[in-house]
$ cat start_8.cif   # mmCIF, C-alpha atoms
data_upload
#
loop_
_atom_site.label_atom_id
_atom_site.label_comp_id
_atom_site.auth_asym_id
_atom_site.auth_seq_id
_atom_site.Cartn_x
_atom_site.Cartn_y
_atom_site.Cartn_z
CA MET A 15 -13.48 3.06 -4.07
CA LEU A 16 -13.01 4.19 -0.45
CA ILE A 17 -16.68 4.14 0.49
CA HIS A 18 -18.13 0.64 0.21
CA GLN A 19 -16.77 -2.14 2.39
CA GLY A 20 -16.57 -5.92 2.13
CA ALA A 21 -19.47 -7.60 0.37
CA ALA A 22 -20.83 -4.21 -0.76
CA ARG A 23 -17.87 -3.86 -3.13
CA ASN A 24 -17.70 -5.25 -6.66
CA GLU A 25 -14.82 -6.21 -8.94
CA ARG A 26 -14.69 -2.82 -10.67
CA ILE A 27 -14.34 -0.96 -7.37
CA ASP A 28 -11.62 -3.33 -6.13
CA VAL A 29 -9.67 -3.09 -9.39
CA PHE A 30 -9.89 0.71 -9.35
CA LEU A 31 -8.67 0.80 -5.76
CA ALA A 32 -5.87 -1.68 -6.46
CA CYS A 33 -4.60 0.09 -9.57
CA TRP A 34 -4.49 3.56 -8.07
CA LEU A 35 -3.05 2.76 -4.65
CA ALA A 36 -0.74 -0.05 -5.79
CA GLY A 37 0.60 2.23 -8.51
CA ILE A 38 1.35 4.99 -6.00
CA ALA A 39 2.86 2.54 -3.50
CA GLY A 40 5.00 0.97 -6.23
CA ALA A 41 6.28 4.38 -7.25
CA LEU A 42 7.20 5.31 -3.68
CA ASN A 43 8.88 1.98 -2.93
CA ALA A 44 10.94 1.85 -6.12
CA ALA A 45 11.94 5.51 -5.88
CA ALA A 46 13.00 5.07 -2.25
CA PHE A 47 15.16 2.09 -3.18
CA TYR A 48 16.67 4.02 -6.08
CA ALA A 49 17.37 7.09 -3.95
CA ILE A 50 18.48 5.66 -0.61
CA GLY A 51 18.80 1.89 -1.07
CA PHE A 52 16.02 0.72 1.25
CA PHE A 53 12.56 -0.75 0.73
CA ALA A 54 9.88 0.83 2.88
CA ALA A 55 7.17 -1.84 2.48
CA ASN A 56 9.00 -5.09 1.74
CA MET A 57 8.80 -6.62 5.20
CA THR A 58 9.94 -10.03 3.93
CA GLY A 59 13.18 -8.53 2.65
CA ASN A 60 13.60 -6.34 5.72
CA VAL A 61 13.16 -9.27 8.12
CA SER A 62 15.62 -11.30 6.05
CA ALA A 63 18.11 -8.43 6.21
CA LEU A 64 17.50 -8.18 9.95
CA SER A 65 18.27 -11.88 10.34
CA ASP A 66 21.44 -11.55 8.27
CA HIS A 67 22.73 -8.62 10.31
CA LEU A 68 21.87 -10.34 13.57
CA ALA A 69 23.74 -13.47 12.48
CA THR A 70 26.80 -11.42 11.60
CA PHE A 71 26.63 -9.36 14.81
CA GLN A 72 25.96 -6.02 13.10
CA GLY A 73 24.00 -4.45 15.92
CA GLN A 74 23.37 -0.98 14.53
CA ALA A 75 22.16 -2.27 11.15
CA SER A 76 19.99 -4.87 12.89
CA LEU A 77 18.34 -2.19 14.99
CA PHE A 78 17.55 -0.12 11.92
CA TYR A 79 15.92 -3.00 10.04
CA LEU A 80 13.99 -3.94 13.17
CA SER A 81 12.79 -0.33 13.37
CA ILE A 82 11.49 -0.49 9.78
CA VAL A 83 9.42 -3.58 10.57
CA LEU A 84 8.08 -2.15 13.82
CA VAL A 85 7.18 1.18 12.25
CA PHE A 86 5.32 -0.60 9.42
CA ILE A 87 3.34 -2.50 12.05
CA LEU A 88 2.72 0.76 13.91
CA GLY A 89 1.26 2.31 10.77
CA SER A 90 -1.06 -0.67 10.36
CA THR A 91 -2.06 -0.42 14.02
CA VAL A 92 -2.83 3.30 13.78
CA SER A 93 -4.95 2.73 10.67
CA SER A 94 -6.95 -0.01 12.36
CA LEU A 95 -7.49 2.07 15.50
CA ILE A 96 -8.78 4.96 13.38
CA ILE A 97 -11.08 2.65 11.42
CA ASN A 98 -12.38 0.95 14.55
CA ALA A 99 -13.11 4.30 16.21
CA GLY A 100 -14.77 5.62 13.05
CA ARG A 101 -17.00 2.56 12.66
CA ARG A 102 -18.04 2.71 16.33
CA ARG A 103 -19.06 6.34 15.84
CA ASP A 104 -20.62 5.63 12.43
CA ILE A 105 -18.32 8.14 10.71
CA GLY A 106 -18.90 8.02 6.97
CA GLY A 107 -15.83 7.72 4.78
CA ILE A 108 -13.55 6.63 7.62
CA TYR A 109 -11.36 4.76 5.12
CA ALA A 110 -11.00 7.93 3.07
CA TRP A 111 -9.92 9.74 6.23
CA CYS A 112 -7.07 7.24 6.61
CA ILE A 113 -5.87 7.90 3.06
CA LEU A 114 -6.22 11.63 3.71
CA ILE A 115 -3.95 11.26 6.73
CA GLU A 116 -1.46 9.36 4.57
CA ALA A 117 -1.49 12.17 2.01
CA LEU A 118 -0.95 14.88 4.64
CA LEU A 119 1.96 13.00 6.23
CA LEU A 120 3.59 12.17 2.90
CA ALA A 121 3.97 15.82 1.93
CA PRO A 122 6.45 16.68 4.75
CA LEU A 123 8.54 13.65 3.74
CA GLY A 124 8.76 15.12 0.27
CA LEU A 125 10.00 18.38 1.75
CA VAL A 126 12.59 16.48 3.80
CA ASP A 127 13.84 14.76 0.66
CA LEU A 128 13.99 18.05 -1.23
CA PHE A 129 15.57 20.34 1.34
CA VAL A 130 17.18 18.38 4.19
CA THR A 131 20.80 17.23 3.97
CA ALA A 132 21.26 16.24 7.62
CA PRO A 133 22.57 12.74 8.46
CA TRP A 134 19.12 11.69 9.75
CA ARG A 135 17.50 12.32 6.35
CA VAL A 136 17.71 8.68 5.19
CA GLU A 137 16.31 7.27 8.43
CA THR A 138 13.44 9.78 8.38
CA LEU A 139 12.48 8.94 4.82
CA VAL A 140 12.65 5.16 5.25
CA LEU A 141 10.80 5.04 8.57
CA GLY A 142 8.26 7.64 7.44
CA LEU A 143 7.46 5.72 4.28
CA ALA A 144 7.31 2.43 6.21
CA PHE A 145 4.73 3.93 8.56
CA LEU A 146 2.64 5.25 5.67
CA MET A 147 2.83 1.99 3.72
CA GLY A 148 1.65 0.11 6.81
CA LEU A 149 -1.19 2.57 7.22
CA GLN A 150 -2.23 2.28 3.58
CA ASN A 151 -2.03 -1.49 3.44
CA ALA A 152 -4.12 -1.93 6.57
CA THR A 153 -6.72 0.50 5.25
CA VAL A 154 -7.02 -1.31 1.93
CA THR A 155 -7.03 -4.72 3.61
CA ARG A 156 -9.86 -3.72 5.95
CA ILE A 157 -12.07 -2.08 3.34
CA SER A 158 -11.74 -4.97 0.87
CA ASP A 159 -11.94 -7.81 3.41
CA ALA A 160 -8.32 -8.69 2.49
CA ARG A 161 -9.05 -9.10 -1.23
CA VAL A 162 -6.74 -6.21 -2.11
CA ARG A 163 -3.19 -5.51 -0.91
CA THR A 164 -1.35 -2.56 -2.41
CA THR A 165 2.09 -2.11 -0.83
CA HIS A 166 3.66 -5.49 -1.67
CA VAL A 167 3.05 -8.27 -4.18
CA SER A 168 4.20 -11.53 -2.54
CA GLY A 169 0.66 -12.43 -1.50
CA MET A 170 -0.74 -11.42 -4.88
CA ALA A 171 1.80 -13.58 -6.71
CA THR A 172 0.88 -16.53 -4.51
CA ASP A 173 -2.82 -15.93 -5.13
CA ILE A 174 -2.23 -15.82 -8.88
CA GLY A 175 -0.62 -19.26 -8.71
CA ILE A 176 -3.56 -20.59 -6.69
CA GLU A 177 -6.14 -19.15 -9.09
CA ILE A 178 -4.25 -20.50 -12.12
CA ALA A 179 -4.36 -23.97 -10.55
CA VAL A 180 -8.09 -23.59 -9.89
CA ALA A 181 -8.64 -22.45 -13.50
CA ILE A 182 -6.73 -25.46 -14.82
CA ASP A 183 -8.88 -27.83 -12.77
CA ILE A 184 -12.05 -26.08 -13.95
CA LEU A 185 -10.98 -26.36 -17.59
CA ARG A 186 -10.14 -30.05 -17.11
CA GLY A 187 -13.46 -30.71 -15.42
CA ARG A 188 -11.71 -31.82 -12.24
CA ASP A 189 -13.32 -29.18 -10.02
CA VAL A 190 -17.02 -29.11 -10.74
CA SER A 191 -17.66 -26.94 -7.70
CA GLY A 192 -15.36 -24.18 -8.91
CA GLU A 193 -16.94 -20.99 -10.21
CA ALA A 194 -15.18 -19.89 -13.37
CA VAL A 195 -16.48 -16.31 -13.20
CA GLY A 196 -15.28 -15.81 -9.64
CA ASN A 197 -11.95 -17.42 -10.44
CA LEU A 198 -11.34 -15.11 -13.39
CA ALA A 199 -12.35 -12.07 -11.34
CA LYS A 200 -9.80 -12.89 -8.64
CA LEU A 201 -7.12 -13.60 -11.24
CA ARG A 202 -7.77 -10.28 -12.99
CA LEU A 203 -7.65 -8.38 -9.70
CA HIS A 204 -4.31 -9.88 -8.67
CA LEU A 205 -2.78 -9.40 -12.13
CA TYR A 206 -3.93 -5.76 -12.27
CA THR A 207 -2.46 -5.17 -8.81
CA ILE A 208 0.97 -6.52 -9.73
CA VAL A 209 1.02 -4.71 -13.07
CA ALA A 210 0.00 -1.45 -11.38
CA PHE A 211 2.66 -1.87 -8.68
CA GLY A 212 5.37 -2.65 -11.24
CA SER A 213 4.32 0.12 -13.63
CA GLY A 214 4.17 2.56 -10.75
CA GLY A 215 7.67 1.52 -9.77
CA VAL A 216 9.06 2.20 -13.23
CA ALA A 217 7.30 5.55 -13.39
CA GLY A 218 8.43 6.40 -9.86
CA VAL A 219 12.11 5.90 -10.62
CA LEU A 220 11.91 7.83 -13.89
CA ILE A 221 10.08 10.72 -12.23
CA TYR A 222 12.46 10.72 -9.26
CA GLN A 223 15.42 10.91 -11.63
CA SER A 224 13.90 14.07 -13.08
CA VAL A 225 12.41 15.90 -10.10
CA GLY A 226 13.66 14.13 -6.97
CA GLY A 227 11.52 14.59 -3.88
CA MET A 228 8.80 16.31 -5.90
CA LEU A 229 7.63 12.76 -6.61
CA LEU A 230 6.51 12.44 -2.99
CA LEU A 231 4.60 15.71 -3.25
CA VAL A 232 2.88 14.54 -6.44
CA ALA A 233 1.97 11.23 -4.77
CA SER A 234 0.67 13.17 -1.78
CA LEU A 235 -1.51 15.29 -4.06
CA LEU A 236 -2.92 12.23 -5.83
CA LEU A 237 -3.78 10.57 -2.52
CA LEU A 238 -5.32 13.82 -1.31
CA LEU A 239 -7.55 14.06 -4.39
CA ILE A 240 -8.60 10.41 -4.06
CA ALA A 241 -9.49 10.87 -0.39
CA LEU A 242 -11.32 14.17 -0.87
CA ASP A 243 -13.34 12.76 -3.76
CA ALA A 244 -14.41 9.82 -1.59
CA LEU A 245 -15.38 12.13 1.26
CA ARG A 246 -17.38 14.31 -1.16
CA ARG A 247 -19.22 11.26 -2.44
CA THR A 248 -19.89 10.11 1.11
CA ARG A 249 -21.43 13.45 2.05
CA ALA A 250 -23.48 13.54 -1.15
CA ALA A 251 -24.83 10.04 -0.49
CA GLY A 252 -25.83 11.03 3.03
CA ALA A 253 -27.45 14.30 1.99
#
$ encode --input "start_8.cif" --output "C-alpha cells"
Amino acid sequence: MLIHQGAARNERIDVFLACWLAGIAGALNAAAFYAIGFFAANMTGNVSALSDHLATFQGQASLFYLSIVLVFILGSTVSSLIINAGRRRDIGGIYAWCILIEALLLAPLGLVDLFVTAPWRVETLVLGLAFLMGLQNATVTRISDARVRTTHVSGMATDIGIEIAVAIDILRGRDVSGEAVGNLAKLRLHLYTIVAFGSGGVAGVLIYQSVGGMLLLVASLLLLLIALDALRRTRAAGA
C-alpha cells in the first residue's frame, strides 16, 4: 500500500492504506484530545480557535494555536521534500521511508507522555503530533494522487455528499455520463476512511485510559511494521 503511486493503485490498495493509517491517526488524535485537550490534526478547529483568541486579545493562546498550524504545515513540507528528493534519485519505497520516519519520531513522544512531567510536556506532545500528522497526510495525499486523506475527515465527508448526489442522479437517469462503478468505489473509500478514523478514535481513548502513553509506542510499532513490510516488498520486487 506504500509502493504503487497514482494510477498504478487500485481500490483495494487505497482502502487498505486508508483503513490502517486513518485508524492510527484517529487513535492518536482522539487520545491526545482526551489526555491534553488539543487536536493535533484538526486544522479547521485550530484556525477557528486561533481566530477566537486573536479576537479576544489572548496573545499567548493565539501564538500556541498558530504554532500548531505552522508545525502541521512544516510536517507536510518535510514529507514532500523527502518524496521529491527520493523520486529524483529513483529511491524505491520513498513513501514507506516517510512512514518509517513518522514511526521513529512517534516513539520518543510516547516516552515523553509516559515519563515527563515538566510544564512543556503538553506543548511537546501537541506540536510533535501535529508535525507527524502533517507528514503522514502529505505522504498519503502524494501517493494516492489526493484520493486518500487519513488525518482528518472534513474533506471525506464532503466527498461522500458529492458522491451520494452523483449516485442519485445516476439512479434517476439524469447523469448518463456518470460511471456507477467508479462512483461506488469512491463512496466506499470515503466511508471506510471515516469509519476507520472514528473506530480508531474510540479504540485510542479506551487504550489510553488503560495504558496511557504506551498507546503512542504501540502506534509507532504498527507504523514501523507497515513501513518495513513495504520496504521489504520494494526490495523483493527489484531483486
$ residues_around --input "start_8.cif" --residues "Asn98 of chain A" --least-positions-apart "5" --cutoff "12 Å" --atoms "all atoms listed in the file" --output "PDB file with C-alpha atoms, in the coordinates of the input"
ATOM      1  CA  THR A  91      -2.060  -0.420  14.020  1.00  0.00           C
ATOM      2  CA  VAL A  92      -2.830   3.300  13.780  1.00  0.00           C
ATOM      3  CA  SER A  93      -4.950   2.730  10.670  1.00  0.00           C
ATOM      4  CA  ARG A 103     -19.060   6.340  15.840  1.00  0.00           C
ATOM      5  CA  ASP A 104     -20.620   5.630  12.430  1.00  0.00           C
ATOM      6  CA  ILE A 105     -18.320   8.140  10.710  1.00  0.00           C
ATOM      7  CA  ILE A 108     -13.550   6.630   7.620  1.00  0.00           C
ATOM      8  CA  TYR A 109     -11.360   4.760   5.120  1.00  0.00           C
ATOM      9  CA  CYS A 112      -7.070   7.240   6.610  1.00  0.00           C
ATOM     10  CA  ALA A 152      -4.120  -1.930   6.570  1.00  0.00           C
ATOM     11  CA  THR A 153      -6.720   0.500   5.250  1.00  0.00           C
ATOM     12  CA  ARG A 156      -9.860  -3.720   5.950  1.00  0.00           C
ATOM     13  CA  ILE A 157     -12.070  -2.080   3.340  1.00  0.00           C
TER      14      ILE A 157
END
$ closest_residue --input "start_8.cif" --among "A:Leu231, A:Ile176, A:Ala210, A:Val61" --to "Thr164 of chain A" --atoms "all atoms listed in the file"
A:Ala210
$ atom_distance --input "start_8.cif" --atom1 "atom CA of Ala233 of chain A" --atom2 "atom CA of Thr155 of chain A"
20.1 Å
$ atom_distance --input "start_8.cif" --atom1 "atom CA of Ala41 of chain A" --atom2 "atom CA of Ala217 of chain A"
6.3 Å
$ resolve_selection --input "start_8.cif" --expression "the PyMOL selection byres ((chain A and resi 44-59) around 9)" --output "PyMOL selection string"
chain A and resi 39-43+60-64+82-83+86+136+139-148+165-168+212+214-223+226+229
$ decode --input "start_8.cif" --residues "segment 85-99 of chain A" --atoms "all heavy atoms" --output "PDB file, in the first residue's frame"
ATOM      1  N   VAL A  85       3.318  24.092  12.447  1.00  0.00           N
ATOM      2  CA  VAL A  85       4.061  22.842  12.581  1.00  0.00           C
ATOM      3  C   VAL A  85       3.438  21.747  11.721  1.00  0.00           C
ATOM      4  O   VAL A  85       4.142  20.918  11.131  1.00  0.00           O
ATOM      5  CB  VAL A  85       4.133  22.419  14.066  1.00  0.00           C
ATOM      6  CG1 VAL A  85       4.649  20.996  14.196  1.00  0.00           C
ATOM      7  CG2 VAL A  85       5.047  23.367  14.826  1.00  0.00           C
ATOM      8  N   PHE A  86       2.098  21.723  11.617  1.00  0.00           N
ATOM      9  CA  PHE A  86       1.428  20.779  10.725  1.00  0.00           C
ATOM     10  C   PHE A  86       1.886  21.011   9.282  1.00  0.00           C
ATOM     11  O   PHE A  86       2.210  20.063   8.547  1.00  0.00           O
ATOM     12  CB  PHE A  86      -0.086  20.943  10.830  1.00  0.00           C
ATOM     13  CG  PHE A  86      -0.888  19.960  10.014  1.00  0.00           C
ATOM     14  CD1 PHE A  86      -1.292  18.755  10.567  1.00  0.00           C
ATOM     15  CD2 PHE A  86      -1.241  20.241   8.701  1.00  0.00           C
ATOM     16  CE1 PHE A  86      -2.038  17.846   9.814  1.00  0.00           C
ATOM     17  CE2 PHE A  86      -1.976  19.355   7.951  1.00  0.00           C
ATOM     18  CZ  PHE A  86      -2.378  18.148   8.506  1.00  0.00           C
ATOM     19  N   ILE A  87       1.922  22.274   8.876  1.00  0.00           N
ATOM     20  CA  ILE A  87       2.388  22.611   7.532  1.00  0.00           C
ATOM     21  C   ILE A  87       3.849  22.212   7.357  1.00  0.00           C
ATOM     22  O   ILE A  87       4.248  21.710   6.295  1.00  0.00           O
ATOM     23  CB  ILE A  87       2.203  24.116   7.272  1.00  0.00           C
ATOM     24  CG1 ILE A  87       0.714  24.471   7.238  1.00  0.00           C
ATOM     25  CG2 ILE A  87       2.868  24.537   5.954  1.00  0.00           C
ATOM     26  CD1 ILE A  87       0.440  25.958   7.186  1.00  0.00           C
ATOM     27  N   LEU A  88       4.652  22.407   8.390  1.00  0.00           N
ATOM     28  CA  LEU A  88       6.060  22.015   8.331  1.00  0.00           C
ATOM     29  C   LEU A  88       6.200  20.513   8.100  1.00  0.00           C
ATOM     30  O   LEU A  88       7.033  20.071   7.298  1.00  0.00           O
ATOM     31  CB  LEU A  88       6.769  22.422   9.625  1.00  0.00           C
ATOM     32  CG  LEU A  88       8.243  22.010   9.737  1.00  0.00           C
ATOM     33  CD1 LEU A  88       9.069  22.672   8.645  1.00  0.00           C
ATOM     34  CD2 LEU A  88       8.789  22.361  11.121  1.00  0.00           C
ATOM     35  N   GLY A  89       5.392  19.725   8.807  1.00  0.00           N
ATOM     36  CA  GLY A  89       5.435  18.279   8.601  1.00  0.00           C
ATOM     37  C   GLY A  89       5.095  17.902   7.177  1.00  0.00           C
ATOM     38  O   GLY A  89       5.743  17.035   6.568  1.00  0.00           O
ATOM     39  N   SER A  90       4.084  18.559   6.615  1.00  0.00           N
ATOM     40  CA  SER A  90       3.713  18.313   5.220  1.00  0.00           C
ATOM     41  C   SER A  90       4.832  18.711   4.276  1.00  0.00           C
ATOM     42  O   SER A  90       5.131  18.004   3.293  1.00  0.00           O
ATOM     43  CB  SER A  90       2.441  19.099   4.903  1.00  0.00           C
ATOM     44  OG  SER A  90       2.087  18.959   3.546  1.00  0.00           O
ATOM     45  N   THR A  91       5.483  19.829   4.581  1.00  0.00           N
ATOM     46  CA  THR A  91       6.598  20.300   3.742  1.00  0.00           C
ATOM     47  C   THR A  91       7.756  19.322   3.770  1.00  0.00           C
ATOM     48  O   THR A  91       8.332  18.984   2.725  1.00  0.00           O
ATOM     49  CB  THR A  91       7.070  21.684   4.227  1.00  0.00           C
ATOM     50  OG1 THR A  91       5.986  22.606   4.186  1.00  0.00           O
ATOM     51  CG2 THR A  91       8.209  22.201   3.362  1.00  0.00           C
ATOM     52  N   VAL A  92       8.112  18.863   4.961  1.00  0.00           N
ATOM     53  CA  VAL A  92       9.224  17.912   5.099  1.00  0.00           C
ATOM     54  C   VAL A  92       8.926  16.631   4.328  1.00  0.00           C
ATOM     55  O   VAL A  92       9.789  16.098   3.617  1.00  0.00           O
ATOM     56  CB  VAL A  92       9.493  17.612   6.585  1.00  0.00           C
ATOM     57  CG1 VAL A  92      10.454  16.435   6.737  1.00  0.00           C
ATOM     58  CG2 VAL A  92      10.052  18.847   7.282  1.00  0.00           C
ATOM     59  N   SER A  93       7.702  16.125   4.450  1.00  0.00           N
ATOM     60  CA  SER A  93       7.320  14.919   3.718  1.00  0.00           C
ATOM     61  C   SER A  93       7.488  15.112   2.214  1.00  0.00           C
ATOM     62  O   SER A  93       8.062  14.264   1.526  1.00  0.00           O
ATOM     63  CB  SER A  93       5.867  14.551   4.035  1.00  0.00           C
ATOM     64  OG  SER A  93       5.411  13.516   3.192  1.00  0.00           O
ATOM     65  N   SER A  94       7.001  16.234   1.707  1.00  0.00           N
ATOM     66  CA  SER A  94       7.079  16.480   0.271  1.00  0.00           C
ATOM     67  C   SER A  94       8.518  16.648  -0.194  1.00  0.00           C
ATOM     68  O   SER A  94       8.885  16.193  -1.292  1.00  0.00           O
ATOM     69  CB  SER A  94       6.266  17.729  -0.096  1.00  0.00           C
ATOM     70  OG  SER A  94       4.884  17.480   0.074  1.00  0.00           O
ATOM     71  N   LEU A  95       9.364  17.296   0.619  1.00  0.00           N
ATOM     72  CA  LEU A  95      10.771  17.429   0.249  1.00  0.00           C
ATOM     73  C   LEU A  95      11.450  16.067   0.187  1.00  0.00           C
ATOM     74  O   LEU A  95      12.252  15.796  -0.727  1.00  0.00           O
ATOM     75  CB  LEU A  95      11.488  18.330   1.261  1.00  0.00           C
ATOM     76  CG  LEU A  95      11.155  19.825   1.194  1.00  0.00           C
ATOM     77  CD1 LEU A  95      11.798  20.567   2.367  1.00  0.00           C
ATOM     78  CD2 LEU A  95      11.617  20.413  -0.137  1.00  0.00           C
ATOM     79  N   ILE A  96      11.133  15.195   1.150  1.00  0.00           N
ATOM     80  CA  ILE A  96      11.711  13.846   1.145  1.00  0.00           C
ATOM     81  C   ILE A  96      11.253  13.077  -0.090  1.00  0.00           C
ATOM     82  O   ILE A  96      12.044  12.419  -0.771  1.00  0.00           O
ATOM     83  CB  ILE A  96      11.325  13.098   2.431  1.00  0.00           C
ATOM     84  CG1 ILE A  96      11.978  13.745   3.648  1.00  0.00           C
ATOM     85  CG2 ILE A  96      11.718  11.613   2.339  1.00  0.00           C
ATOM     86  CD1 ILE A  96      11.480  13.207   4.974  1.00  0.00           C
ATOM     87  N   ILE A  97       9.958  13.155  -0.382  1.00  0.00           N
ATOM     88  CA  ILE A  97       9.406  12.441  -1.535  1.00  0.00           C
ATOM     89  C   ILE A  97      10.003  12.970  -2.836  1.00  0.00           C
ATOM     90  O   ILE A  97      10.398  12.196  -3.719  1.00  0.00           O
ATOM     91  CB  ILE A  97       7.875  12.563  -1.556  1.00  0.00           C
ATOM     92  CG1 ILE A  97       7.269  11.785  -0.389  1.00  0.00           C
ATOM     93  CG2 ILE A  97       7.297  12.048  -2.885  1.00  0.00           C
ATOM     94  CD1 ILE A  97       5.803  12.057  -0.148  1.00  0.00           C
ATOM     95  N   ASN A  98      10.094  14.288  -2.964  1.00  0.00           N
ATOM     96  CA  ASN A  98      10.666  14.870  -4.176  1.00  0.00           C
ATOM     97  C   ASN A  98      12.119  14.427  -4.375  1.00  0.00           C
ATOM     98  O   ASN A  98      12.527  14.068  -5.485  1.00  0.00           O
ATOM     99  CB  ASN A  98      10.603  16.403  -4.108  1.00  0.00           C
ATOM    100  CG  ASN A  98       9.186  16.922  -4.183  1.00  0.00           C
ATOM    101  OD1 ASN A  98       8.269  16.209  -4.581  1.00  0.00           O
ATOM    102  ND2 ASN A  98       8.996  18.174  -3.794  1.00  0.00           N
ATOM    103  N   ALA A  99      12.895  14.448  -3.286  1.00  0.00           N
ATOM    104  CA  ALA A  99      14.290  14.034  -3.378  1.00  0.00           C
ATOM    105  C   ALA A  99      14.388  12.551  -3.721  1.00  0.00           C
ATOM    106  O   ALA A  99      15.223  12.142  -4.541  1.00  0.00           O
ATOM    107  CB  ALA A  99      15.003  14.321  -2.054  1.00  0.00           C
TER     108      ALA A  99
END
